[in-house]
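Colleague: Input structure: final_21.txt, which contains compact mmCIF, C-alpha atoms.
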```txt
# COMPACT_ATOMS: atom_id res chain seq x y z
CA MET A 1 -129.17 12.76 5.08
CA GLY A 2 -130.04 13.16 1.40
CA LEU A 3 -126.54 13.89 0.13
CA SER A 4 -125.78 14.89 -3.44
CA ILE A 5 -122.51 15.84 -5.15
CA GLU A 6 -122.59 18.46 -7.87
CA PRO A 7 -120.45 21.20 -9.42
CA PHE A 8 -120.05 24.43 -7.45
CA LEU A 9 -122.46 26.99 -8.96
CA PRO A 10 -122.75 30.71 -8.10
CA GLU A 11 -125.96 30.14 -6.14
CA HIS A 12 -124.03 27.85 -3.74
CA ALA A 13 -121.57 30.53 -2.61
CA GLU A 14 -123.43 31.55 0.57
CA ALA A 15 -123.78 27.91 1.65
CA VAL A 16 -120.04 27.36 1.13
CA GLN A 17 -119.26 30.43 3.22
CA ALA A 18 -121.53 29.10 5.97
CA PHE A 19 -119.75 25.73 5.75
CA ASN A 20 -116.36 27.41 6.20
CA ARG A 21 -117.66 29.38 9.20
CA ARG A 22 -118.82 26.15 10.86
CA LEU A 23 -115.38 24.60 10.36
CA GLU A 24 -113.66 27.69 11.78
CA ALA A 25 -115.99 27.81 14.79
CA ARG A 26 -115.02 24.22 15.65
CA GLY A 27 -111.29 24.94 15.39
CA SER A 28 -110.51 23.58 11.92
CA THR A 29 -108.02 25.39 9.69
CA PHE A 30 -109.40 23.82 6.52
CA ARG A 31 -111.32 26.06 4.13
CA PHE A 32 -112.96 25.38 0.79
CA PRO A 33 -112.82 28.08 -1.92
CA ASP A 34 -115.92 30.22 -1.55
CA THR A 35 -116.27 31.33 -5.16
CA PRO A 36 -117.12 28.95 -8.01
CA VAL A 37 -114.52 30.18 -10.51
CA PRO A 38 -110.97 29.17 -9.52
CA THR A 39 -108.49 32.02 -9.11
CA TRP A 40 -105.73 29.55 -10.00
CA LEU A 41 -106.15 27.56 -13.24
CA PRO A 42 -109.71 28.46 -14.28
CA PRO A 43 -110.87 26.62 -17.42
CA GLN A 44 -109.54 28.26 -20.59
CA ASP A 45 -110.04 27.30 -24.23
CA GLY A 46 -107.05 25.45 -25.61
CA VAL A 47 -105.30 24.98 -22.25
CA PRO A 48 -105.20 21.32 -21.10
CA VAL A 49 -104.91 22.06 -17.38
CA TYR A 50 -107.64 23.55 -15.21
CA GLN A 51 -109.57 23.13 -11.97
CA GLU A 52 -113.15 22.09 -11.18
CA TYR A 53 -114.90 22.46 -7.80
CA PHE A 54 -117.46 19.96 -6.51
CA LEU A 55 -119.70 20.21 -3.43
CA VAL A 56 -121.36 17.66 -1.17
CA ARG A 57 -124.81 19.09 -0.39
CA ASP A 58 -127.41 18.10 2.19
CA ARG A 59 -130.47 19.90 0.87
CA GLU A 60 -129.38 23.55 1.05
CA ALA A 61 -126.38 23.00 3.34
CA VAL A 62 -122.87 22.22 2.10
CA ARG A 63 -121.20 19.40 4.02
CA GLY A 64 -117.96 19.08 2.06
CA GLY A 65 -116.23 19.49 -1.23
CA TYR A 66 -113.21 18.60 -3.33
CA ILE A 67 -111.24 19.88 -6.32
CA LEU A 68 -110.30 18.05 -9.49
CA LYS A 69 -107.39 19.32 -11.53
CA PRO A 70 -107.59 17.61 -14.93
CA GLN A 71 -104.40 17.88 -16.94
CA ALA A 72 -102.87 16.43 -20.08
CA PHE A 73 -100.27 13.77 -19.22
CA TRP A 74 -97.92 11.62 -21.21
CA VAL A 75 -98.85 8.13 -20.01
CA ASP A 76 -98.53 4.70 -21.56
CA GLY A 77 -96.92 6.23 -24.64
CA THR A 78 -99.72 8.67 -25.45
CA VAL A 79 -101.35 11.86 -24.13
CA ARG A 80 -104.36 11.40 -21.85
CA MET A 81 -106.29 13.64 -19.48
CA ILE A 82 -105.81 12.50 -15.90
CA ALA A 83 -106.71 14.39 -12.73
CA ASP A 84 -105.26 15.36 -9.39
CA TYR A 85 -107.63 14.86 -6.43
CA ARG A 86 -107.19 18.03 -4.37
CA LEU A 87 -108.37 19.56 -1.11
CA PRO A 88 -111.05 17.12 -0.01
CA VAL A 89 -112.79 18.89 2.89
CA SER A 90 -115.52 17.33 5.01
CA GLU A 91 -117.63 18.56 7.89
CA GLY A 92 -116.89 15.13 9.32
CA ILE A 93 -113.56 16.49 10.65
CA VAL A 94 -115.52 18.53 13.22
CA ASP A 95 -118.83 16.64 13.40
CA PRO A 96 -118.86 12.80 13.33
CA ARG A 97 -122.42 12.81 11.95
CA HIS A 98 -120.85 13.72 8.60
CA ALA A 99 -117.96 11.24 8.69
CA ILE A 100 -119.10 9.56 5.47
CA VAL A 101 -118.60 12.71 3.41
CA GLY A 102 -114.85 12.16 2.90
CA MET A 103 -115.42 8.70 1.44
CA LEU A 104 -118.19 9.99 -0.81
CA THR A 105 -115.96 12.68 -2.30
CA LEU A 106 -113.28 10.17 -3.27
CA LYS A 107 -115.81 7.75 -4.76
CA ASP A 108 -117.31 10.58 -6.78
CA ALA A 109 -113.89 11.75 -7.99
CA MET A 110 -112.98 8.22 -9.11
CA LYS A 111 -116.27 7.99 -11.01
CA ARG A 112 -115.72 11.31 -12.80
CA GLN A 113 -112.00 10.74 -13.45
CA PRO A 114 -110.91 7.10 -13.06
CA LEU A 115 -107.34 8.08 -14.03
CA LEU A 116 -106.74 9.84 -10.75
CA PHE A 117 -103.76 10.65 -8.55
CA GLY A 118 -102.97 12.42 -5.30
CA LEU A 119 -99.86 14.44 -4.52
CA GLY A 120 -98.56 16.03 -1.33
CA MET A 121 -100.57 14.81 1.68
CA GLY A 122 -97.85 15.47 4.27
CA SER A 123 -97.71 11.90 5.57
CA PRO A 124 -99.07 8.43 4.74
CA GLU A 125 -100.89 8.65 8.08
CA GLU A 126 -102.88 11.78 7.19
CA PRO A 127 -106.65 11.11 6.86
CA VAL A 128 -106.68 11.64 3.09
CA ALA A 129 -103.76 9.24 2.62
CA ARG A 130 -105.43 6.59 4.79
CA LEU A 131 -108.59 6.94 2.72
CA LEU A 132 -106.65 6.54 -0.52
CA LYS A 133 -105.11 3.35 0.86
CA ILE A 134 -108.60 1.96 1.60
CA PHE A 135 -109.42 2.45 -2.08
CA ASP A 136 -106.21 0.61 -3.12
CA PHE A 137 -104.13 3.61 -4.17
CA PRO A 138 -100.41 2.72 -3.96
CA ILE A 139 -98.58 5.57 -2.18
CA VAL A 140 -94.87 6.28 -2.62
CA PRO A 141 -92.63 9.07 -1.25
CA CYS A 142 -91.19 11.79 -3.48
CA PRO A 143 -87.68 12.14 -2.00
CA PHE A 144 -86.63 15.47 -0.51
CA TYR A 145 -83.25 16.91 -1.49
CA PHE A 146 -81.48 19.86 0.08
CA ARG A 147 -78.21 21.72 -0.27
CA ILE A 148 -77.05 24.09 2.47
CA ILE A 149 -75.49 27.26 1.07
CA ARG A 150 -74.97 29.33 4.24
CA PRO A 151 -74.33 26.83 7.08
CA LYS A 152 -74.27 29.32 9.96
CA ARG A 153 -77.59 30.88 8.95
CA PHE A 154 -79.02 27.40 8.42
CA LEU A 155 -78.02 26.11 11.84
CA GLN A 156 -79.34 29.21 13.57
CA GLY A 157 -82.65 29.24 11.73
CA ILE A 158 -83.81 25.73 10.80
CA GLU A 159 -86.91 25.28 12.99
CA PHE A 160 -87.29 21.60 12.09
CA LEU A 161 -84.08 20.83 14.01
CA ARG A 162 -84.54 23.40 16.82
CA ARG A 163 -87.56 22.01 18.62
CA SER A 164 -86.06 21.75 22.10
CA ASN A 165 -83.76 23.90 24.24
CA VAL A 166 -81.03 21.25 24.01
CA GLN A 167 -81.22 21.15 20.21
CA ARG A 168 -81.17 24.92 19.93
CA LYS A 169 -78.15 25.29 22.22
CA LEU A 170 -76.24 22.56 20.42
CA LEU A 171 -76.89 24.02 16.97
CA ASP A 172 -75.98 27.53 18.15
CA LEU A 173 -72.72 26.18 19.55
CA VAL A 174 -71.87 24.38 16.31
CA ALA A 175 -72.73 27.49 14.30
CA ALA A 176 -70.57 29.74 16.47
CA SER A 177 -67.59 27.38 16.39
CA GLY A 178 -67.46 27.16 12.59
CA ALA A 179 -67.55 23.37 12.78
CA GLY A 180 -70.94 23.35 11.05
CA TRP A 181 -69.55 25.22 8.06
CA VAL A 182 -66.68 22.75 7.70
CA ALA A 183 -68.87 19.65 8.13
CA MET A 184 -71.62 20.73 5.75
CA LYS A 185 -69.31 21.94 3.04
CA ALA A 186 -67.42 18.66 3.28
CA ALA A 187 -70.65 16.64 3.05
CA HIS A 188 -71.77 18.47 -0.09
CA ARG A 189 -68.29 18.30 -1.64
CA VAL A 190 -67.99 14.54 -1.12
CA ARG A 191 -71.31 13.96 -2.88
CA ASN A 192 -70.73 16.48 -5.67
CA ARG A 193 -69.50 14.25 -8.48
CA TYR A 194 -70.56 16.68 -11.18
CA LYS A 195 -68.48 19.74 -10.39
CA GLN A 196 -65.92 19.46 -13.19
CA GLU A 197 -68.49 18.72 -15.89
CA ALA A 198 -70.89 21.43 -14.69
CA SER A 199 -68.73 24.20 -16.15
CA ARG A 200 -70.03 23.28 -19.63
CA PHE A 201 -73.51 24.45 -18.70
CA SER A 202 -74.83 28.02 -18.62
CA TRP A 203 -78.21 29.50 -17.80
CA SER A 204 -80.31 32.52 -18.71
CA GLU A 205 -83.41 34.01 -17.10
CA GLU A 206 -86.48 33.99 -19.36
CA MET A 207 -89.69 36.00 -19.08
CA THR A 208 -91.74 33.29 -20.81
CA PHE A 209 -91.34 29.79 -22.18
CA GLY A 210 -90.56 30.01 -25.89
CA PRO A 211 -90.55 27.45 -28.74
CA TRP A 212 -87.42 25.99 -27.15
CA ALA A 213 -89.62 24.62 -24.33
CA ASP A 214 -91.78 22.74 -26.87
CA ALA A 215 -88.63 21.28 -28.41
CA ILE A 216 -87.41 20.07 -25.01
CA TRP A 217 -90.80 18.51 -24.29
CA GLU A 218 -90.96 16.64 -27.60
CA SER A 219 -87.43 15.29 -27.11
CA ALA A 220 -87.86 14.36 -23.44
CA LYS A 221 -91.36 12.91 -23.12
CA GLY A 222 -90.46 9.44 -24.37
CA ALA A 223 -88.11 8.92 -21.41
CA TYR A 224 -91.02 8.89 -18.94
CA ALA A 225 -93.73 6.41 -18.05
CA LEU A 226 -95.85 9.25 -16.64
CA CYS A 227 -95.25 12.99 -16.96
CA ALA A 228 -97.50 16.04 -17.16
CA VAL A 229 -97.36 17.68 -20.59
CA ARG A 230 -94.80 20.45 -20.27
CA SER A 231 -95.44 22.40 -23.46
CA ARG A 232 -94.99 26.18 -23.55
CA VAL A 233 -98.80 26.71 -23.36
CA VAL A 234 -99.07 24.64 -20.19
CA LEU A 235 -95.93 26.10 -18.63
CA ASP A 236 -96.98 29.71 -19.25
CA THR A 237 -100.31 28.85 -17.61
CA LEU A 238 -98.75 27.26 -14.54
CA TYR A 239 -95.98 29.89 -14.26
CA PRO A 240 -97.49 33.00 -15.89
CA PRO A 241 -95.19 35.85 -16.94
CA GLU A 242 -97.02 38.31 -14.67
CA GLU A 243 -96.25 36.14 -11.61
CA ASN A 244 -92.84 37.54 -10.73
CA ARG A 245 -92.08 35.13 -7.90
CA PHE A 246 -91.24 32.46 -10.48
CA THR A 247 -87.84 32.53 -12.17
CA ARG A 248 -87.60 30.58 -15.40
CA LEU A 249 -84.10 29.38 -16.21
CA LYS A 250 -83.18 28.13 -19.67
CA VAL A 251 -80.09 25.92 -19.40
CA SER A 252 -77.67 25.45 -22.28
CA GLU A 253 -74.67 23.22 -22.90
CA GLU A 254 -72.07 24.90 -25.08
CA GLY A 255 -74.77 27.01 -26.76
CA MET A 256 -77.42 24.30 -27.19
CA THR A 257 -80.60 24.45 -25.07
CA VAL A 258 -80.77 21.24 -23.05
CA GLY A 259 -83.41 21.96 -20.42
CA TRP A 260 -85.04 24.38 -18.02
CA ALA A 261 -85.93 24.86 -14.37
CA VAL A 262 -88.45 26.97 -12.49
CA VAL A 263 -87.10 28.24 -9.17
CA LEU A 264 -88.32 30.30 -6.24
CA ASP A 265 -86.37 32.52 -3.84
CA THR A 266 -88.52 32.85 -0.71
CA ARG A 267 -87.86 34.73 2.51
CA MET A 268 -89.75 32.57 4.98
CA ARG A 269 -91.67 34.12 7.88
CA ASN A 270 -92.08 31.93 10.97
CA HIS A 271 -92.34 28.80 8.83
CA ARG A 272 -92.84 25.71 10.95
CA GLN A 273 -89.87 23.97 9.31
CA PHE A 274 -87.70 26.71 7.81
CA GLY A 275 -88.29 29.50 10.34
CA ASN A 276 -87.11 32.78 8.81
CA LEU A 277 -84.56 31.32 6.42
CA ARG A 278 -84.19 32.40 2.83
CA VAL A 279 -85.11 29.26 0.91
CA GLY A 280 -84.37 28.59 -2.73
CA SER A 281 -86.50 25.86 -4.28
CA ILE A 282 -86.33 24.06 -7.60
CA VAL A 283 -90.05 23.51 -8.14
CA ASP A 284 -90.10 22.17 -11.69
CA CYS A 285 -87.64 21.06 -14.37
CA LEU A 286 -87.23 19.19 -17.62
CA ALA A 287 -84.20 18.24 -19.70
CA LEU A 288 -83.03 16.29 -22.68
CA PRO A 289 -82.37 12.74 -21.50
CA GLY A 290 -78.92 12.59 -19.91
CA ARG A 291 -78.75 16.35 -19.25
CA GLU A 292 -80.66 16.36 -15.95
CA ALA A 293 -77.56 16.93 -13.81
CA GLY A 294 -76.52 19.86 -16.01
CA VAL A 295 -79.90 21.54 -15.50
CA ILE A 296 -79.62 21.13 -11.74
CA ALA A 297 -76.07 22.47 -11.84
CA GLY A 298 -77.27 25.60 -13.64
CA ALA A 299 -80.20 26.12 -11.26
CA THR A 300 -77.94 25.57 -8.24
CA HIS A 301 -75.37 28.11 -9.42
CA PHE A 302 -78.14 30.64 -10.01
CA MET A 303 -79.57 30.16 -6.49
CA GLU A 304 -76.11 30.36 -4.94
CA GLY A 305 -75.70 33.72 -6.64
CA ARG A 306 -78.94 34.88 -5.02
CA LYS A 307 -77.35 34.08 -1.63
CA VAL A 308 -80.15 31.85 -0.37
CA ASP A 309 -79.52 29.93 2.86
CA LEU A 310 -80.41 26.56 1.38
CA ILE A 311 -81.92 25.02 -1.75
CA VAL A 312 -84.63 22.34 -1.63
CA SER A 313 -86.54 20.15 -4.06
CA ASN A 314 -88.79 17.10 -4.19
CA GLN A 315 -88.36 14.63 -7.04
CA LEU A 316 -89.65 11.18 -7.90
CA GLN A 317 -88.15 10.14 -11.24
CA ARG A 318 -84.92 8.14 -10.95
CA ASP A 319 -82.71 10.24 -13.26
CA TRP A 320 -83.69 13.49 -11.55
CA CYS A 321 -82.98 11.98 -8.15
CA HIS A 322 -79.53 10.96 -9.39
CA ALA A 323 -79.02 14.47 -10.80
CA PHE A 324 -79.51 16.09 -7.39
CA VAL A 325 -77.16 13.62 -5.71
CA ALA A 326 -74.56 14.23 -8.41
CA ASN A 327 -74.72 17.95 -7.61
CA GLY A 328 -73.97 17.40 -3.94
CA TYR A 329 -77.51 17.49 -2.55
CA LEU A 330 -78.32 15.58 0.62
CA HIS A 331 -81.40 13.44 1.17
CA GLY A 332 -83.79 14.35 4.02
CA PRO A 333 -87.21 13.29 5.38
CA THR A 334 -90.07 14.05 2.99
CA ASN A 335 -93.65 15.26 3.47
CA PHE A 336 -94.49 14.85 -0.20
CA TYR A 337 -96.17 11.64 -1.43
CA PHE A 338 -97.62 10.39 -4.69
CA ALA A 339 -100.69 8.14 -4.90
CA VAL A 340 -102.08 6.36 -7.98
CA SER A 341 -105.65 5.20 -8.56
CA PRO A 342 -106.19 1.54 -9.47
CA ALA A 343 -107.26 2.52 -13.02
CA LEU A 344 -104.17 4.65 -13.57
CA GLY A 345 -101.99 1.97 -12.01
CA LYS A 346 -103.16 -0.51 -14.67
CA LEU A 347 -101.58 1.72 -17.31
CA LEU A 348 -98.30 1.78 -15.41
CA GLN A 349 -97.07 -1.78 -15.52
CA PRO A 350 -94.89 -3.06 -14.07
CA LEU A 351 -95.90 -0.49 -11.46
CA GLU A 352 -92.69 -0.30 -9.43
CA GLU A 353 -90.57 0.20 -12.54
CA CYS A 354 -92.96 2.78 -14.00
CA LEU A 355 -93.05 4.78 -10.78
CA GLU A 356 -89.28 5.13 -11.01
CA GLN A 357 -89.87 6.68 -14.44
CA THR A 358 -92.66 9.00 -13.26
CA HIS A 359 -91.74 12.70 -13.23
CA MET A 360 -93.42 14.46 -10.31
CA THR A 361 -92.26 17.73 -8.75
CA ARG A 362 -93.61 20.49 -6.51
CA GLY A 363 -94.90 22.09 -9.70
CA ASP A 364 -97.40 19.26 -10.13
CA GLY A 365 -100.49 18.77 -8.01
CA ASP A 366 -101.19 21.80 -5.82
CA GLY A 367 -98.28 23.72 -7.27
CA PRO A 368 -95.39 25.07 -5.17
CA ILE A 369 -97.46 25.99 -2.11
CA ASN A 370 -95.63 26.64 1.18
CA LEU A 371 -92.43 27.48 -0.71
```
Since I need it in another form, could you write the structure as structure tokens?
Modeller:
Amino acid sequence: MGLSIEPFLPEHAEAVQAFNRRLEARGSTFRFPDTPVPTWLPPQDGVPVYQEYFLVRDREAVRGGYILKPQAFWVDGTVRMIADYRLPVSEGIVDPRHAIVGMLTLKDAMKRQPLLFGLGMGSPEEPVARLLKIFDFPIVPCPFYFRIIRPKRFLQGIEFLRRSNVQRKLLDLVAASGAGWVAMKAAHRVRNRYKQEASRFSWSEEMTFGPWADAIWESAKGAYALCAVRSRVVLDTLYPPEENRFTRLKVSEEGMTVGWAVVLDTRMRNHRQFGNLRVGSIVDCLALPGREAGVIAGATHFMEGRKVDLIVSNQLQRDWCHAFVANGYLHGPTNFYFAVSPALGKLLQPLEECLEQTHMTRGDGDGPINL
């Protein structure tokens, strides 16, 4: 095979479509975008976050591809462009003759953007995660936090815990008896150490991110070892005003803006984990240092008012993890992982300490997909 890796151009569209058809015919659910201009985050002048598509070609045939999402990050005390390695797809998943394609895509991505990371992945045992490990990417979990708002609905609808007849019958019994409501409310109440202080904080829904978001970013960035630039330009690109599924909450403490959160309110449909529950999710957030718990309190009160069944979030940075615990959230198994390239890892030393000060949420990487 004479393989080459090059940007996705309009003349490659038919070959990409043929590639996707071959994957589908062999039972794969993976698909690569079949148009060269991204529908999400196309390159725009003056916006330091965008996507680029690259293809692995064997003469005229496409054998794989991957996406880079370069973005401005605060890292090592300055702003640098680093990139998320996204959606590597290889014909090797259905045809072993092309098994090398996956490795070639990662090597090419590391050459184009040495400061590289991966986010999501589902499990450290997924093929992409195993490949990252081969190339010496440290991989750490982004903890999953949840707060159950309507215990009966939760017990009757959480597919993750209802995978056998015995489990379903037991959860239905607990839901009907009312014991689930008592137990879950008690669990959240015991962990909620922030309830009395939370009354100082208020929130308001915003159509866009204003100058106040820039002020929060400038005041907060120094607290992090690694954090995507969260200026108003970037935020309005990631969460555009015309996208009405996003709710932007500005949180204030006694009249002073101290942070913000982006939340979703999603009615799930046959979700493999959440079934048909109504799931609130805190997908992104930022706060003045020390006000993280207040921001989560405001976002939680807002979602409770929407009468969601539960609220979920993934976080990595230490203070944000503490903020969720302080607001009574419980800690569950995660499918969200963060991986760092060797070159990026050299900027984050000591690595373990810097990872605790790395702000990663569902709003980073692929964005809040599946929520």
Colleague: What is the atom CA of A:Asp309 to atom CA of A:Gly332 distance in Å?
Modeller: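 Rounded to one decimal, the two atoms are 16.2 Å apart.
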Colleague: Excluding stretch 231-238 of chain A and its own-chain neighbours fewer than 5 positions away, which residues fall within 8 Å of it when counting all atoms listed in the file? Please give them as an mmCIF file with C-alpha atoms, in the coordinates of the input.
Modeller:
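For reference, selection.cif as written:
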```cif
data_model
loop_
_atom_site.group_PDB
_atom_site.id
_atom_site.type_symbol
_atom_site.label_atom_id
_atom_site.label_comp_id
_atom_site.auth_asym_id
_atom_site.auth_seq_id
_atom_site.Cartn_x
_atom_site.Cartn_y
_atom_site.Cartn_z
ATOM 1 C CA LEU A 41 -106.150 27.560 -13.240
ATOM 2 C CA VAL A 47 -105.300 24.980 -22.250
ATOM 3 C CA PRO A 48 -105.200 21.320 -21.100
ATOM 4 C CA VAL A 49 -104.910 22.060 -17.380
ATOM 5 C CA THR A 208 -91.740 33.290 -20.810
ATOM 6 C CA PHE A 209 -91.340 29.790 -22.180
ATOM 7 C CA GLY A 210 -90.560 30.010 -25.890
ATOM 8 C CA PRO A 211 -90.550 27.450 -28.740
ATOM 9 C CA ALA A 213 -89.620 24.620 -24.330
ATOM 10 C CA ASP A 214 -91.780 22.740 -26.870
ATOM 11 C CA TRP A 217 -90.800 18.510 -24.290
#
```
Colleague: Mind giving me the straight-line distance from atom CA of A:Ser341 to atom CA of A:Leu132 in Å, one decimal?
Modeller: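 Separation between atom CA of A:Ser341 and atom CA of A:Leu132: 8.2 Å.
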Colleague: For A:Phe154, list every protein, DNA or RNA residue within 8 Å, evaluated using only C-alpha atoms, and leave out those in the same chain fewer than 4 positions away; present the list as a PyMOL selection string.
Modeller: chain A and resi 148+150+158+277+309-310
Colleague: Show me, as an MDAnalysis selection string, the residues that have an atom within 6 Å of A:Tyr329 when counting all atoms listed in the file, minus same-chain residues fewer than 2 positions from it.
Modeller: chainID A and resid 145:147 324:325 327
Colleague: Work out how far apart atom CA of A:Ile282 and atom CA of A:Ser313 are and give it in Å to one decimal.
Modeller: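 Pair atom CA of A:Ile282 / atom CA of A:Ser313 returns 5.3 Å.
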Colleague: Can you pull out every residue within 12 Å of A:Ala223, counting all atoms listed in the file, but drop anything in the same chain fewer than 4 positions away, and send it as a PDB file with C-alpha atoms, keeping the file's coordinate frame?
Modeller:
```pdb
ATOM      1  CA  TRP A  74     -97.920  11.620 -21.210  1.00  0.00           C
ATOM      2  CA  VAL A  75     -98.850   8.130 -20.010  1.00  0.00           C
ATOM      3  CA  ASP A  76     -98.530   4.700 -21.560  1.00  0.00           C
ATOM      4  CA  GLY A  77     -96.920   6.230 -24.640  1.00  0.00           C
ATOM      5  CA  ILE A 216     -87.410  20.070 -25.010  1.00  0.00           C
ATOM      6  CA  TRP A 217     -90.800  18.510 -24.290  1.00  0.00           C
ATOM      7  CA  GLU A 218     -90.960  16.640 -27.600  1.00  0.00           C
ATOM      8  CA  SER A 219     -87.430  15.290 -27.110  1.00  0.00           C
ATOM      9  CA  CYS A 227     -95.250  12.990 -16.960  1.00  0.00           C
ATOM     10  CA  LEU A 286     -87.230  19.190 -17.620  1.00  0.00           C
ATOM     11  CA  ALA A 287     -84.200  18.240 -19.700  1.00  0.00           C
ATOM     12  CA  LEU A 288     -83.030  16.290 -22.680  1.00  0.00           C
ATOM     13  CA  PRO A 289     -82.370  12.740 -21.500  1.00  0.00           C
ATOM     14  CA  GLY A 290     -78.920  12.590 -19.910  1.00  0.00           C
ATOM     15  CA  GLU A 292     -80.660  16.360 -15.950  1.00  0.00           C
ATOM     16  CA  GLN A 317     -88.150  10.140 -11.240  1.00  0.00           C
ATOM     17  CA  ARG A 318     -84.920   8.140 -10.950  1.00  0.00           C
ATOM     18  CA  ASP A 319     -82.710  10.240 -13.260  1.00  0.00           C
ATOM     19  CA  TRP A 320     -83.690  13.490 -11.550  1.00  0.00           C
ATOM     20  CA  CYS A 354     -92.960   2.780 -14.000  1.00  0.00           C
ATOM     21  CA  GLU A 356     -89.280   5.130 -11.010  1.00  0.00           C
ATOM     22  CA  GLN A 357     -89.870   6.680 -14.440  1.00  0.00           C
ATOM     23  CA  THR A 358     -92.660   9.000 -13.260  1.00  0.00           C
ATOM     24  CA  HIS A 359     -91.740  12.700 -13.230  1.00  0.00           C
TER      25      HIS A 359
END
```
Colleague: For a cutoff of 10 Å around the file-coordinate point (-97.9, 18.1, 5.4), which residues qualify once you count all atoms listed in the file? I'd like the result as a VMD selection string.
Modeller: chain A and resid 120 to 124 126 334 to 337 370
Colleague: Counting only C-alpha atoms, figure out which residue out of A:Asp45, A:Gly305, A:Leu68, A:Ala339 gets nearest to A:Pro141.
Modeller: A:Ala339
Colleague: For a cutoff of 10 Å around the file-coordinate point (-115.2, 30.1, -11.5), which residues qualify once you count only C-alpha atoms? I'd like the result as a PyMOL selection string.
Modeller: chain A and resi 8-10+34-43+51-53
Colleague: Nearest residue to A:Val258 out of A:Gly92, A:Gly298, A:Pro241, A:Pro350, using all atoms listed in the file?
Modeller: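 Closest to A:Val258, using all atoms listed in the file: A:Gly298.
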Colleague: Ranking A:Ile93, A:Ala225, A:Ala61, A:Ile100 by minimum distance to A:Leu347 and counting all atoms listed in the file, which one comes first?
Modeller: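 Among the listed residues, the smallest separation from A:Leu347 belongs to A:Ala225.
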Colleague: Go through A:Arg59, A:Arg112, A:Arg86, A:Arg306 and flag the residue nearest A:Phe32, using all atoms listed in the file for the distances.
Modeller: A:Arg86
Colleague: Could you model N, CA, C and O atoms for stretch 82-93 of chain A and present them as an mmCIF file, in the frame of the given file?
Modeller:
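Okay, part_23.cif is ready:
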```cif
data_model
loop_
_atom_site.group_PDB
_atom_site.id
_atom_site.type_symbol
_atom_site.label_atom_id
_atom_site.label_comp_id
_atom_site.auth_asym_id
_atom_site.auth_seq_id
_atom_site.Cartn_x
_atom_site.Cartn_y
_atom_site.Cartn_z
ATOM 1 N N ILE A 82 -105.637 13.121 -17.199
ATOM 2 C CA ILE A 82 -105.810 12.500 -15.900
ATOM 3 C C ILE A 82 -105.974 13.633 -14.884
ATOM 4 O O ILE A 82 -105.824 14.809 -15.216
ATOM 5 N N ALA A 83 -106.328 13.323 -13.669
ATOM 6 C CA ALA A 83 -106.710 14.390 -12.730
ATOM 7 C C ALA A 83 -106.074 14.198 -11.367
ATOM 8 O O ALA A 83 -105.930 13.073 -10.881
ATOM 9 N N ASP A 84 -105.739 15.315 -10.777
ATOM 10 C CA ASP A 84 -105.260 15.360 -9.390
ATOM 11 C C ASP A 84 -106.452 15.581 -8.479
ATOM 12 O O ASP A 84 -107.277 16.483 -8.698
ATOM 13 N N TYR A 85 -106.561 14.755 -7.444
ATOM 14 C CA TYR A 85 -107.630 14.860 -6.430
ATOM 15 C C TYR A 85 -107.129 15.780 -5.332
ATOM 16 O O TYR A 85 -106.215 15.443 -4.593
ATOM 17 N N ARG A 86 -107.729 16.982 -5.231
ATOM 18 C CA ARG A 86 -107.190 18.030 -4.370
ATOM 19 C C ARG A 86 -108.195 18.468 -3.301
ATOM 20 O O ARG A 86 -109.399 18.470 -3.515
ATOM 21 N N LEU A 87 -107.660 18.880 -2.185
ATOM 22 C CA LEU A 87 -108.370 19.560 -1.110
ATOM 23 C C LEU A 87 -109.729 18.951 -0.771
ATOM 24 O O LEU A 87 -110.752 19.630 -0.755
ATOM 25 N N PRO A 88 -109.782 17.647 -0.492
ATOM 26 C CA PRO A 88 -111.050 17.120 -0.010
ATOM 27 C C PRO A 88 -111.315 17.637 1.408
ATOM 28 O O PRO A 88 -110.499 17.454 2.311
ATOM 29 N N VAL A 89 -112.439 18.299 1.598
ATOM 30 C CA VAL A 89 -112.790 18.890 2.890
ATOM 31 C C VAL A 89 -114.158 18.371 3.292
ATOM 32 O O VAL A 89 -115.098 18.388 2.493
ATOM 33 N N SER A 90 -114.272 17.909 4.533
ATOM 34 C CA SER A 90 -115.520 17.330 5.010
ATOM 35 C C SER A 90 -115.886 17.911 6.373
ATOM 36 O O SER A 90 -115.016 18.143 7.220
ATOM 37 N N GLU A 91 -117.173 18.138 6.564
ATOM 38 C CA GLU A 91 -117.630 18.560 7.890
ATOM 39 C C GLU A 91 -117.438 17.445 8.906
ATOM 40 O O GLU A 91 -117.489 17.668 10.119
ATOM 41 N N GLY A 92 -117.156 16.247 8.420
ATOM 42 C CA GLY A 92 -116.890 15.130 9.320
ATOM 43 C C GLY A 92 -115.662 15.338 10.195
ATOM 44 O O GLY A 92 -115.523 14.694 11.232
ATOM 45 N N ILE A 93 -114.755 16.256 9.823
ATOM 46 C CA ILE A 93 -113.560 16.490 10.650
ATOM 47 C C ILE A 93 -113.916 17.227 11.938
ATOM 48 O O ILE A 93 -113.123 17.220 12.884
#
```
